[in-house]
>>> print(open('my_file_12.pdb').read())   # PDB, C-alpha atoms
MODEL        1
ATOM      1  CA  MET A  28     143.938  62.014  25.474  1.00  0.00           C
ATOM      2  CA  THR A  29     142.715  62.007  21.868  1.00  0.00           C
ATOM      3  CA  ALA A  30     140.803  59.316  20.006  1.00  0.00           C
ATOM      4  CA  THR A  31     141.949  58.185  16.571  1.00  0.00           C
ATOM      5  CA  ALA A  32     140.331  55.761  14.157  1.00  0.00           C
ATOM      6  CA  THR A  33     142.443  52.945  15.610  1.00  0.00           C
ATOM      7  CA  GLY A  34     143.078  53.896  19.238  1.00  0.00           C
ATOM      8  CA  ARG A  35     143.489  56.568  21.865  1.00  0.00           C
ATOM      9  CA  VAL A  36     146.492  58.856  21.972  1.00  0.00           C
ATOM     10  CA  PHE A  37     147.774  59.714  25.440  1.00  0.00           C
ATOM     11  CA  ARG A  38     149.706  62.978  25.429  1.00  0.00           C
ATOM     12  CA  LEU A  39     152.591  63.965  27.687  1.00  0.00           C
ATOM     13  CA  PRO A  40     150.830  65.246  30.813  1.00  0.00           C
ATOM     14  CA  ASP A  41     151.693  68.396  32.721  1.00  0.00           C
ATOM     15  CA  LEU A  42     154.215  67.125  35.252  1.00  0.00           C
ATOM     16  CA  GLY A  43     153.862  70.155  37.498  1.00  0.00           C
ATOM     17  CA  GLU A  44     155.900  73.107  38.707  1.00  0.00           C
ATOM     18  CA  GLY A  45     155.791  74.968  35.396  1.00  0.00           C
ATOM     19  CA  LEU A  46     157.688  72.278  33.483  1.00  0.00           C
ATOM     20  CA  THR A  47     156.962  72.445  29.768  1.00  0.00           C
ATOM     21  CA  GLU A  48     158.912  69.477  28.374  1.00  0.00           C
ATOM     22  CA  ALA A  49     160.452  66.132  29.236  1.00  0.00           C
ATOM     23  CA  GLU A  50     162.976  63.757  27.662  1.00  0.00           C
ATOM     24  CA  ILE A  51     162.023  60.127  27.073  1.00  0.00           C
ATOM     25  CA  VAL A  52     164.462  58.076  29.172  1.00  0.00           C
ATOM     26  CA  ASP A  53     163.081  54.542  28.861  1.00  0.00           C
ATOM     27  CA  TRP A  54     159.941  52.925  27.492  1.00  0.00           C
ATOM     28  CA  LYS A  55     158.552  50.255  29.838  1.00  0.00           C
ATOM     29  CA  VAL A  56     156.332  48.820  27.067  1.00  0.00           C
ATOM     30  CA  ALA A  57     156.607  48.036  23.358  1.00  0.00           C
ATOM     31  CA  VAL A  58     154.173  48.030  20.436  1.00  0.00           C
ATOM     32  CA  GLY A  59     151.875  45.005  20.812  1.00  0.00           C
ATOM     33  CA  ASP A  60     152.091  44.884  24.624  1.00  0.00           C
ATOM     34  CA  THR A  61     148.895  44.923  26.661  1.00  0.00           C
ATOM     35  CA  VAL A  62     148.666  47.675  29.273  1.00  0.00           C
ATOM     36  CA  ALA A  63     146.388  48.173  32.273  1.00  0.00           C
ATOM     37  CA  ILE A  64     144.984  51.379  33.745  1.00  0.00           C
ATOM     38  CA  ASP A  65     147.654  53.191  35.778  1.00  0.00           C
ATOM     39  CA  GLN A  66     150.458  50.972  34.437  1.00  0.00           C
ATOM     40  CA  VAL A  67     153.756  52.835  34.135  1.00  0.00           C
ATOM     41  CA  VAL A  68     154.561  52.971  30.416  1.00  0.00           C
ATOM     42  CA  VAL A  69     157.478  55.395  30.198  1.00  0.00           C
ATOM     43  CA  GLU A  70     160.137  57.038  32.294  1.00  0.00           C
ATOM     44  CA  VAL A  71     160.825  60.686  31.458  1.00  0.00           C
ATOM     45  CA  GLU A  72     163.322  63.207  32.739  1.00  0.00           C
ATOM     46  CA  THR A  73     162.406  66.814  33.384  1.00  0.00           C
ATOM     47  CA  ALA A  74     164.652  69.662  34.468  1.00  0.00           C
ATOM     48  CA  LYS A  75     163.901  68.635  38.052  1.00  0.00           C
ATOM     49  CA  ALA A  76     163.459  64.841  38.264  1.00  0.00           C
ATOM     50  CA  VAL A  77     163.042  61.473  36.578  1.00  0.00           C
ATOM     51  CA  VAL A  78     159.345  60.593  36.563  1.00  0.00           C
ATOM     52  CA  GLU A  79     157.428  57.394  35.773  1.00  0.00           C
ATOM     53  CA  VAL A  80     154.304  58.159  33.719  1.00  0.00           C
ATOM     54  CA  PRO A  81     151.249  55.866  33.949  1.00  0.00           C
ATOM     55  CA  VAL A  82     148.681  55.446  31.174  1.00  0.00           C
ATOM     56  CA  PRO A  83     145.044  56.271  32.085  1.00  0.00           C
ATOM     57  CA  TYR A  84     143.385  53.357  30.268  1.00  0.00           C
ATOM     58  CA  ALA A  85     143.833  49.727  29.253  1.00  0.00           C
ATOM     59  CA  GLY A  86     144.418  48.154  25.859  1.00  0.00           C
ATOM     60  CA  THR A  87     147.105  47.175  23.374  1.00  0.00           C
ATOM     61  CA  VAL A  88     150.003  49.501  22.606  1.00  0.00           C
ATOM     62  CA  LEU A  89     149.617  50.544  18.958  1.00  0.00           C
ATOM     63  CA  ARG A  90     152.346  53.174  18.699  1.00  0.00           C
ATOM     64  CA  LEU A  91     155.085  54.870  20.699  1.00  0.00           C
ATOM     65  CA  HIS A  92     155.227  58.447  19.428  1.00  0.00           C
ATOM     66  CA  ALA A  93     158.874  59.124  20.364  1.00  0.00           C
ATOM     67  CA  GLU A  94     162.124  57.234  20.771  1.00  0.00           C
ATOM     68  CA  ALA A  95     164.276  57.236  23.916  1.00  0.00           C
ATOM     69  CA  GLY A  96     166.285  60.466  23.947  1.00  0.00           C
ATOM     70  CA  ALA A  97     163.577  62.546  22.259  1.00  0.00           C
ATOM     71  CA  VAL A  98     162.346  65.675  24.026  1.00  0.00           C
ATOM     72  CA  LEU A  99     158.574  66.231  23.990  1.00  0.00           C
ATOM     73  CA  ALA A 100     156.587  69.296  24.986  1.00  0.00           C
ATOM     74  CA  VAL A 101     153.663  68.907  27.367  1.00  0.00           C
ATOM     75  CA  GLY A 102     150.624  67.968  25.273  1.00  0.00           C
ATOM     76  CA  GLU A 103     152.544  66.214  22.479  1.00  0.00           C
ATOM     77  CA  PRO A 104     151.508  62.628  21.627  1.00  0.00           C
ATOM     78  CA  LEU A 105     153.264  60.060  23.813  1.00  0.00           C
ATOM     79  CA  ILE A 106     151.616  56.671  23.244  1.00  0.00           C
ATOM     80  CA  GLU A 107     148.624  55.274  21.348  1.00  0.00           C
ATOM     81  CA  VAL A 108     146.588  52.475  22.909  1.00  0.00           C
ATOM     82  CA  GLY A 109     143.809  50.500  21.223  1.00  0.00           C
ATOM     83  CA  ALA A 110     140.926  48.886  23.096  1.00  0.00           C
ATOM     84  CA  ASP A 111     141.229  45.143  23.652  1.00  0.00           C
ATOM     85  CA  GLU A 112     137.514  44.625  23.080  1.00  0.00           C
ATOM     86  CA  ALA A 113     134.972  46.198  20.769  1.00  0.00           C
ATOM     87  CA  PRO A 114     132.677  48.554  22.661  1.00  0.00           C
ATOM     88  CA  ASP A 115     129.193  47.389  23.577  1.00  0.00           C
ATOM     89  CA  ALA A 116     126.341  48.476  21.376  1.00  0.00           C
ATOM     90  CA  GLU A 117     124.910  50.309  24.414  1.00  0.00           C
ATOM     91  CA  GLY A 118     128.256  51.672  25.633  1.00  0.00           C
ATOM     92  CA  PRO A 119     129.910  54.952  24.721  1.00  0.00           C
ATOM     93  CA  PRO A 120     131.312  55.332  21.216  1.00  0.00           C
ATOM     94  CA  ALA A 121     134.998  54.381  20.968  1.00  0.00           C
ATOM     95  CA  ASP A 122     135.873  57.735  19.440  1.00  0.00           C
ATOM     96  CA  ASP A 123     134.628  59.802  22.407  1.00  0.00           C
ATOM     97  CA  PRO A 124     137.341  59.763  25.097  1.00  0.00           C
ATOM     98  CA  ALA A 125     135.230  61.956  27.388  1.00  0.00           C
ATOM     99  CA  ASP A 126     132.807  59.036  27.811  1.00  0.00           C
ATOM    100  CA  ASP A 127     135.457  56.299  28.189  1.00  0.00           C
ATOM    101  CA  PRO A 128     134.743  54.727  31.628  1.00  0.00           C
ATOM    102  CA  ALA A 129     138.435  54.113  32.280  1.00  0.00           C
ATOM    103  CA  ALA A 130     139.339  57.713  31.475  1.00  0.00           C
ATOM    104  CA  VAL A 131     136.471  59.028  33.603  1.00  0.00           C
ATOM    105  CA  ARG A 132     137.598  56.856  36.546  1.00  0.00           C
ATOM    106  CA  TYR A 133     141.196  58.011  36.111  1.00  0.00           C
ATOM    107  CA  ARG A 134     140.154  61.678  36.195  1.00  0.00           C
ATOM    108  CA  GLU A 135     137.970  61.094  39.280  1.00  0.00           C
ATOM    109  CA  GLU A 136     140.810  59.326  41.115  1.00  0.00           C
ATOM    110  CA  GLU A 137     143.260  62.032  40.089  1.00  0.00           C
ATOM    111  CA  ARG A 138     140.962  64.727  41.506  1.00  0.00           C
ATOM    112  CA  ALA A 139     140.472  62.678  44.698  1.00  0.00           C
ATOM    113  CA  GLY A 140     144.221  62.372  45.221  1.00  0.00           C
ATOM    114  CA  SER A 141     144.478  58.630  44.640  1.00  0.00           C
ATOM    115  CA  GLY A 142     146.204  56.622  41.934  1.00  0.00           C
ATOM    116  CA  ASN A 143     149.722  57.044  40.682  1.00  0.00           C
ATOM    117  CA  VAL A 144     151.478  60.242  41.620  1.00  0.00           C
ATOM    118  CA  LEU A 145     153.512  61.789  38.832  1.00  0.00           C
ATOM    119  CA  ILE A 146     155.776  64.141  40.711  1.00  0.00           C
ATOM    120  CA  GLY A 147     156.423  62.390  44.026  1.00  0.00           C
ATOM    121  CA  TYR A 148     154.520  64.611  46.428  1.00  0.00           C
ATOM    122  CA  GLY A 149     152.294  61.801  47.672  1.00  0.00           C
ATOM    123  CA  THR A 150     148.524  61.648  47.554  1.00  0.00           C
ATOM    124  CA  GLY A 151     147.953  64.400  50.014  1.00  0.00           C
ATOM    125  CA  ARG A 152     147.906  64.779  53.743  1.00  0.00           C
ATOM    126  CA  THR A 153     145.765  66.663  56.155  1.00  0.00           C
ATOM    127  CA  PRO A 154     147.255  69.616  58.026  1.00  0.00           C
ATOM    128  CA  GLY A 155     148.637  68.723  61.414  1.00  0.00           C
ATOM    129  CA  THR A 156     149.519  65.122  60.602  1.00  0.00           C
ATOM    130  CA  GLY A 157     152.994  63.761  60.168  1.00  0.00           C
ATOM    131  CA  GLY A 158     156.110  65.837  60.334  1.00  0.00           C
ATOM    132  CA  ARG A 159     157.748  67.067  63.524  1.00  0.00           C
ATOM    133  CA  ARG A 160     155.733  67.468  66.688  1.00  0.00           C
ATOM    134  CA  ARG A 161     157.312  70.334  68.579  1.00  0.00           C
ATOM    135  CA  GLY A 162     154.300  71.029  70.771  1.00  0.00           C
ATOM    136  CA  ALA A 163     154.328  67.529  72.294  1.00  0.00           C
ATOM    137  CA  ARG A 164     158.067  67.781  72.990  1.00  0.00           C
ATOM    138  CA  ARG A 165     157.653  71.183  74.692  1.00  0.00           C
ATOM    139  CA  ALA A 166     154.760  69.903  76.812  1.00  0.00           C
ATOM    140  CA  ALA A 167     156.818  66.884  77.918  1.00  0.00           C
ATOM    141  CA  ALA A 168     159.760  69.124  78.825  1.00  0.00           C
ATOM    142  CA  ALA A 169     157.502  71.415  80.864  1.00  0.00           C
ATOM    143  CA  ARG A 170     156.109  68.438  82.835  1.00  0.00           C
ATOM    144  CA  GLY A 171     159.470  66.798  83.536  1.00  0.00           C
TER     145      GLY A 171
ENDMDL
END
>>> encode(input="my_file_12.pdb", output="structure tokens")
Amino acid sequence: MTATATGRVFRLPDLGEGLTEAEIVDWKVAVGDTVAIDQVVVEVETAKAVVEVPVPYAGTVLRLHAEAGAVLAVGEPLIEVGADEAPDAEGPPADDPADDPAAVRYREEERAGSGNVLIGYGTGRTPGTGGRRRGARRAAAARG
């Protein structure tokens, strides 16, 4: 994420597994649309999968940095979003994305394993839950 004089630029995130680029398949928004935190804004295709990418903050779409069919490297500008409201006099400056409450919340949720998942692995699971239960089947066979 990078702040500009008019809005915040969200860059193509690292989609995992050593992937370094993705092709824009379909924009889900257009310039002038209003977006919410975690709203899917674009569908991209990597060498391994088609992935829906959410935006980490709310506002009005100011610019789409690539057309459908373009290939972007991780870290290249993807979309620019402007704030819907002027910041409070006591709030963080608009040009400091590190202090943006929406961006801070997004990073906290991402670290906690909640929010939108970019590569389809789910939000995490504790060891020993889900999956096949061979031990229970063996114990039942031994009893019966």
>>> resolve_selection(input="my_file_12.pdb", expression="the PyMOL selection byres ((chain A and resi 67-73) around 6)", output="MDAnalysis selection string")
chainID A and resid 49:56 66 74:81
>>> resolve_selection(input="my_file_12.pdb", expression="the PyMOL selection byres ((chain A and resi 38) around 7)", output="PyMOL selection string")
chain A and resi 28+36-37+39-40+102-106
>>> closest_residue(input="my_file_12.pdb", among="A:Val98, A:Val58, A:Leu89, A:Val82", to="A:Ala110", atoms="all atoms listed in the file")
A:Leu89
>>> atom_distance(input="my_file_12.pdb", atom1="atom CA of A:Gly43", atom2="atom CA of A:Pro83")
17.3 Å
>>> closest_residue(input="my_file_12.pdb", among="A:Val108, A:Val101, A:Val88, A:Ala95", to="A:Gly45", atoms="all atoms listed in the file")
A:Val101
>>> axis_aligned_box(input="my_file_12.pdb", around="stretch 44-52 of chain A", padding_each_side="3 Å", output="JSON")
{"center_x": 160.1, "center_y": 66.5, "center_z": 32.9, "size_x": 14.7, "size_y": 22.9, "size_z": 17.6}
>>> atom_distance(input="my_file_12.pdb", atom1="atom CA of A:Leu42", atom2="atom CA of A:Gly59")
26.5 Å
>>> atom_distance(input="my_file_12.pdb", atom1="atom CA of A:Glu48", atom2="atom CA of A:Gly96")
12.5 Å
>>> closest_residue(input="my_file_12.pdb", among="A:Gly109, A:Thr33, A:Leu99, A:Ala93", to="A:Val62", atoms="only C-alpha atoms")
A:Gly109
>>> resolve_selection(input="my_file_12.pdb", expression="the PyMOL selection byres ((chain A and resi 85) around 6)", output="list in words")
Val62, Ala63, Ile64, Tyr84 and Gly86 of chain A
